[in-house]
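Have a look at the structure below before the remarks.
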Amino acid sequence: MNSAATTARQPDVLVVGGGIGGLSAACALARQGLRVRVLERTKEFGEVGAGLQIAPNCTRILAEYGLLEEARSLGVVPEHMVMRDALDSRELTRLDLRDLERRYGFPYMVIHRTDLHAIFLRACEHAGVELLTDQDVVGYENTEGGARVLLRNGRSEFAPLVVAADGLHSVARRLLVGDDLVSSDYVAYRAAVPIEQVRDNGISERDVTVYIGPHCHFVQYALRRGDMFNQVAVFRSPKALAGHADWGTPDELDAAFAPACDPVRRGVALMWRDRWWQMLDRDPVENWVHGRIVLLGDAAHPPLQYMAQGAIMAIEDGWVLARHHARHHARRAAAAGAGGAPDWDAVLAAYEAVRVEHCRRVQNTARAWGELWHVDGVRRLQRNALMRQRDAYDYSFTDWVYGPTALTPDEEPPMFTPIPLSSASFEDPDGALTVAGRGTS
Ligand SMILES: Cc1cc2nc3c(=O)[nH]c(=O)nc-3n(C[C@H](O)[C@H](O)[C@H](O)COP(=O)(O)OP(=O)(O)OC[C@H]3O[C@@H](n4cnc5c(N)ncnc54)[C@H](O)[C@@H]3O)c2cc1C
């Protein structure tokens with residue numbers, strides 16, 4: 001891994017961006033025998049942030065790459081995902097993650113992002129990926145038989161395929177699609193602290209706990225074999241709504257969680273206050289393939305994080321790309337009696353045909369899920385009533401996303417049927433009435 005001049009041999013694939021999306025794609029393609037070169041802008045490969053939840057649609061792929069046991073040894077496999085009301089802390093619903101593992105065949109686990117990133121970095125090294133840092137890609141152009149990337153230092157590089165995995169603020173996305181980021185007016189604070197620091201805070205060390213409340217939510221889970229505790233505090237910023245440029249500041253964090261229950265307020269006191277993440281996404285787009293340049297990961301489909309599927313979708317993208325390469329390569333070899341160059345146009349068409357729709361569903365569901373988490377007043381009571389009615393072993397809301405990653409559109413499972421809020425019967429805490437069908441949805 002270095003920032004020196006690249007080797008003389010032209011790669012088959014250039015991957016721009018060495019985040020989880022870029023590295024996992026590089027690893028998947030190198031496993032196919034392709035020469036892959038990763039160009040990362042920063043001086044060192046790494047990840048900023050704390051924990052990541054990885055669902056069975058990701059751990060299934062890690063298992064195929066032979067990386068699951070390493071991930072398991074570094075992470076935590078929680079027992080339950082428990083949703084609670086952030087104001088009164090009462091339980092709303094739960095997923096039994098051991099049963100979920102039985103259903104989908106692979107675990108739901110949590111892992112420090114640095115650890116997952118390092119796993120893919122080592123896998124890339126092992127697979128012979130050329131890993132270059134200090135490579136700021138500022139331009140892209142399609143040329144005969146491939147595409148060229150232009151670097152800030154004036155150099156350019158060519159490959160038959162260029163994968164742009166340059167994240168939420170993707171240069172490739174700006175140049176090829178030209179759409180804008182969408183602000184949700186929500187901001188995330190994170191913290192990963194030694195477990196001893198939180199043991200008296202009313203936490204559960206064995207569960208992923210999600211407190212949802214009016215315009216805010218709070219996520220907690222143990223990390224690093226249980227030695228650390230991860231917390232994410234998310235809230236709507238009044239300054240963002242008022243159009244201020246410096247929104248999401250720590251004073252807003254404290255104000256947003258002031259009405260929350262005691263365990264949440266105790267947790268919020270420990271959040272990192274020197275950095276925060278404004279929650280941005282993009283509207284889904286259908287064109288990820290531009291000649292021999294293809295978007296992947298957050299560059300293609302940055303979601304709001306409510307489904308905890310952003311990094312997972314990026315990992316799935318690389319897996320699907322590599323699987324289609326293998327399929328087309330095998331078909332070509334059988335027809336021609338020899339290997340030959342990959343038919344990248346066919347591979348990219350197959351990738352786009354299946355991934356665009358799946359990721360559109362996740363992006364849109366993440367927005368809707370976030371809205372549901374943050375409702376207030378009567379809608380909060382309706383939501384709570386519906387969540388409490390849910391059977392903990394009802395998987396109709398997870399089958400479409402935690403099952404095996406589709407390789408073709410016909411393999412994409414049907415989505416769940418949403419339940420309107422207005423169908424809820426609930427206890428009004430003031431009048432002790434049972435109310436149904438107030439017409440809100
Ligand atoms: C609060 C929060 C919680 C989340 N929780 C989860 C979760 O539980 N589970 C989950 O699956 N997802 C989660 N996500 C989403 C997840 O973090 C992202 O979707 C994922 O990291 C995207 O990976 P990526 O590789 O596509 O992009 P990035 O991680 O942004 O990587 C892009 C890389 O490209 C490099 N780069 C950028 N521009 C250039 C350039 N011009 N030239 C060269 N290199 C460049 C960057 O330096 C970086 O290394 C969460 C996100 C947030 C904000």
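Ligands are numbered from 1 in the order shown, residues from 1 within each chain, and chains are lettered A, B, ... in the order they appear in the structure tokens.
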List as a tab-separated table every residue of chain A that is in contact with ligand 1, defined as an atom at most 6 Å from one of its atoms (using only C-alpha atoms and all ligand atoms), together with the nearest atom pair and the distance in Å rounded to one decimal, sorted by chain and then rising number.
residue	atom	partner	partner_atom_place_in_ligand_line	distance
A:Val16	CA	ligand 1	43 (C)	5.2
A:Gly17	CA	ligand 1	34 (O)	3.2
A:Gly18	CA	ligand 1	49 (O)	4.4
A:Gly19	CA	ligand 1	31 (O)	3.6
A:Ile20	CA	ligand 1	25 (O)	4.1
A:Gly21	CA	ligand 1	25 (O)	3.4
A:Gly22	CA	ligand 1	25 (O)	5.2
A:Leu39	CA	ligand 1	43 (C)	5.6
A:Glu40	CA	ligand 1	44 (N)	4.0
A:Arg41	CA	ligand 1	44 (N)	3.8
A:Thr42	CA	ligand 1	47 (O)	5.4
A:Leu52	CA	ligand 1	8 (O)	3.8
A:Gln53	CA	ligand 1	8 (O)	3.7
A:Ile54	CA	ligand 1	9 (N)	5.6
A:Gln135	CA	ligand 1	43 (C)	5.6
A:Asp136	CA	ligand 1	42 (N)	3.9
A:Val137	CA	ligand 1	42 (N)	3.9
A:Val138	CA	ligand 1	41 (N)	5.6
A:Ala165	CA	ligand 1	26 (O)	5.4
A:Asp166	CA	ligand 1	34 (O)	3.6
A:Gly167	CA	ligand 1	27 (O)	3.6
A:Leu168	CA	ligand 1	30 (O)	5.6
A:Ser170	CA	ligand 1	38 (N)	5.7
A:Val171	CA	ligand 1	41 (N)	5.6
A:Ala188	CA	ligand 1	1 (C)	5.4
A:Gly297	CA	ligand 1	26 (O)	3.5
A:Asp298	CA	ligand 1	26 (O)	3.9
A:Ala299	CA	ligand 1	26 (O)	6.0
A:Gln305	CA	ligand 1	50 (C)	4.9
A:Ala308	CA	ligand 1	9 (N)	3.7
A:Gln309	CA	ligand 1	11 (O)	3.7
A:Gly310	CA	ligand 1	19 (O)	3.2
A:Ala311	CA	ligand 1	11 (O)	3.5
A:Ile312	CA	ligand 1	11 (O)	4.1
A:Ala314	CA	ligand 1	26 (O)	5.6
Store the residues of this selection in a file with N, CA and C atoms, as a compact mmCIF listing (two decimals), in the first residue's frame.
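Result went into result03.txt, see below:
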# COMPACT_ATOMS: atom_id res chain seq x y z
N VAL A 16 -12.02 3.68 -7.78
CA VAL A 16 -11.76 4.99 -7.18
C VAL A 16 -12.46 5.04 -5.83
N GLY A 17 -11.66 5.15 -4.75
CA GLY A 17 -12.23 5.20 -3.40
C GLY A 17 -11.95 3.91 -2.66
N GLY A 18 -11.28 4.05 -1.53
CA GLY A 18 -10.94 2.87 -0.73
C GLY A 18 -11.71 2.82 0.57
N GLY A 19 -13.01 3.13 0.51
CA GLY A 19 -13.90 2.91 1.66
C GLY A 19 -14.34 1.45 1.65
N ILE A 20 -15.35 1.14 2.44
CA ILE A 20 -15.82 -0.25 2.51
C ILE A 20 -16.34 -0.70 1.15
N GLY A 21 -17.02 0.21 0.42
CA GLY A 21 -17.54 -0.14 -0.90
C GLY A 21 -16.43 -0.44 -1.89
N GLY A 22 -15.45 0.45 -1.99
CA GLY A 22 -14.37 0.29 -2.96
C GLY A 22 -13.52 -0.93 -2.66
N LEU A 39 -7.54 3.48 -6.11
CA LEU A 39 -7.00 4.83 -5.98
C LEU A 39 -7.75 5.54 -4.86
N GLU A 40 -7.08 5.79 -3.75
CA GLU A 40 -7.72 6.43 -2.59
C GLU A 40 -7.13 7.82 -2.39
N ARG A 41 -8.03 8.76 -2.15
CA ARG A 41 -7.62 10.16 -2.05
C ARG A 41 -6.76 10.48 -0.81
N THR A 42 -7.10 9.87 0.33
CA THR A 42 -6.41 10.24 1.57
C THR A 42 -5.01 9.62 1.63
N LEU A 52 -21.01 -0.48 13.06
CA LEU A 52 -21.84 -0.77 11.89
C LEU A 52 -22.66 -2.01 12.21
N GLN A 53 -23.94 -1.97 11.87
CA GLN A 53 -24.75 -3.18 11.98
C GLN A 53 -24.67 -3.89 10.63
N ILE A 54 -24.41 -5.18 10.65
CA ILE A 54 -24.39 -5.91 9.38
C ILE A 54 -25.35 -7.10 9.46
N GLN A 135 -4.24 9.65 -3.98
CA GLN A 135 -4.63 9.67 -5.40
C GLN A 135 -6.00 10.35 -5.50
N ASP A 136 -5.97 11.65 -5.74
CA ASP A 136 -7.22 12.42 -5.76
C ASP A 136 -7.76 12.45 -7.20
N VAL A 137 -8.83 11.74 -7.43
CA VAL A 137 -9.39 11.67 -8.79
C VAL A 137 -10.32 12.86 -9.01
N VAL A 138 -10.01 13.64 -10.05
CA VAL A 138 -10.80 14.86 -10.29
C VAL A 138 -11.59 14.81 -11.60
N ALA A 165 -16.27 4.48 -6.56
CA ALA A 165 -16.81 4.19 -5.21
C ALA A 165 -16.34 5.31 -4.30
N ASP A 166 -16.59 6.55 -4.73
CA ASP A 166 -16.02 7.69 -4.01
C ASP A 166 -17.01 8.36 -3.07
N GLY A 167 -18.02 7.64 -2.65
CA GLY A 167 -18.81 8.05 -1.49
C GLY A 167 -19.90 9.08 -1.75
N LEU A 168 -20.44 9.56 -0.64
CA LEU A 168 -21.60 10.47 -0.65
C LEU A 168 -21.34 11.72 -1.51
N SER A 170 -19.40 12.09 -4.02
CA SER A 170 -18.73 11.57 -5.22
C SER A 170 -18.51 12.60 -6.33
N VAL A 171 -17.26 12.69 -6.77
CA VAL A 171 -16.93 13.52 -7.93
C VAL A 171 -17.54 12.90 -9.19
N ALA A 188 -26.37 13.33 13.01
CA ALA A 188 -26.00 12.19 13.87
C ALA A 188 -24.76 12.53 14.69
N GLY A 297 -21.76 1.77 -4.36
CA GLY A 297 -21.81 2.22 -2.96
C GLY A 297 -22.52 3.56 -2.84
N ASP A 298 -22.10 4.37 -1.87
CA ASP A 298 -22.77 5.65 -1.63
C ASP A 298 -22.73 6.57 -2.85
N ALA A 299 -21.77 6.41 -3.71
CA ALA A 299 -21.73 7.23 -4.94
C ALA A 299 -22.97 6.95 -5.79
N GLN A 305 -29.60 6.55 7.09
CA GLN A 305 -29.07 5.31 7.68
C GLN A 305 -30.09 4.46 8.44
N ALA A 308 -29.94 0.81 8.21
CA ALA A 308 -28.60 0.25 8.46
C ALA A 308 -28.17 -0.66 7.30
N GLN A 309 -28.33 -0.14 6.08
CA GLN A 309 -28.02 -0.95 4.89
C GLN A 309 -27.02 -0.27 3.95
N GLY A 310 -26.50 0.92 4.29
CA GLY A 310 -25.65 1.65 3.34
C GLY A 310 -24.37 0.89 2.98
N ALA A 311 -23.62 0.51 4.01
CA ALA A 311 -22.37 -0.22 3.75
C ALA A 311 -22.70 -1.60 3.17
N ILE A 312 -23.80 -2.17 3.63
CA ILE A 312 -24.19 -3.50 3.14
C ILE A 312 -24.51 -3.44 1.64
N ALA A 314 -23.32 -1.42 -0.46
CA ALA A 314 -22.05 -1.26 -1.17
C ALA A 314 -21.35 -2.62 -1.33
_All residues 6 Å or closer to Ala424 (chain A), only C-alpha atoms, same chain fewer than 2 positions away omitted, as a PyMOL selection string_ = chain A and resi 382+386+421-422+436
Write to file, as a PDB file, in the first residue's frame, the residues of the selection just made, with N, CA and C atoms.
ATOM      1  N   GLN A 382     -50.217   5.995  17.731  1.00  0.00           N
ATOM      2  CA  GLN A 382     -50.653   5.010  16.722  1.00  0.00           C
ATOM      3  C   GLN A 382     -49.487   4.093  16.345  1.00  0.00           C
ATOM      4  N   LEU A 386     -49.196  -0.013  16.865  1.00  0.00           N
ATOM      5  CA  LEU A 386     -48.950  -0.976  15.778  1.00  0.00           C
ATOM      6  C   LEU A 386     -47.697  -1.797  16.056  1.00  0.00           C
ATOM      7  N   LEU A 421     -50.940   3.950   9.587  1.00  0.00           N
ATOM      8  CA  LEU A 421     -51.025   4.329  11.004  1.00  0.00           C
ATOM      9  C   LEU A 421     -52.472   4.445  11.453  1.00  0.00           C
ATOM     10  N   SER A 422     -53.328   4.885  10.531  1.00  0.00           N
ATOM     11  CA  SER A 422     -54.725   5.131  10.898  1.00  0.00           C
ATOM     12  C   SER A 422     -55.464   3.855  11.282  1.00  0.00           C
ATOM     13  N   ALA A 436     -59.554   4.431  17.469  1.00  0.00           N
ATOM     14  CA  ALA A 436     -59.190   3.752  16.227  1.00  0.00           C
ATOM     15  C   ALA A 436     -59.587   4.607  15.049  1.00  0.00           C
TER      16      ALA A 436
END
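Atom pair CA of Gln197 (chain A) / CA of Val268 (chain A): separated by 12.6 Å.
Among A:Gln220, A:Val77, A:Arg9, A:Asn230, the residue with the shortest atom-to-atom distance to Gly202 (chain A), counting only C-alpha atoms, is A:Gln220.
Rounded to one decimal, CA of Leu131 (chain A) and CA of Gln32 (chain A) lie 17.1 Å from each other.
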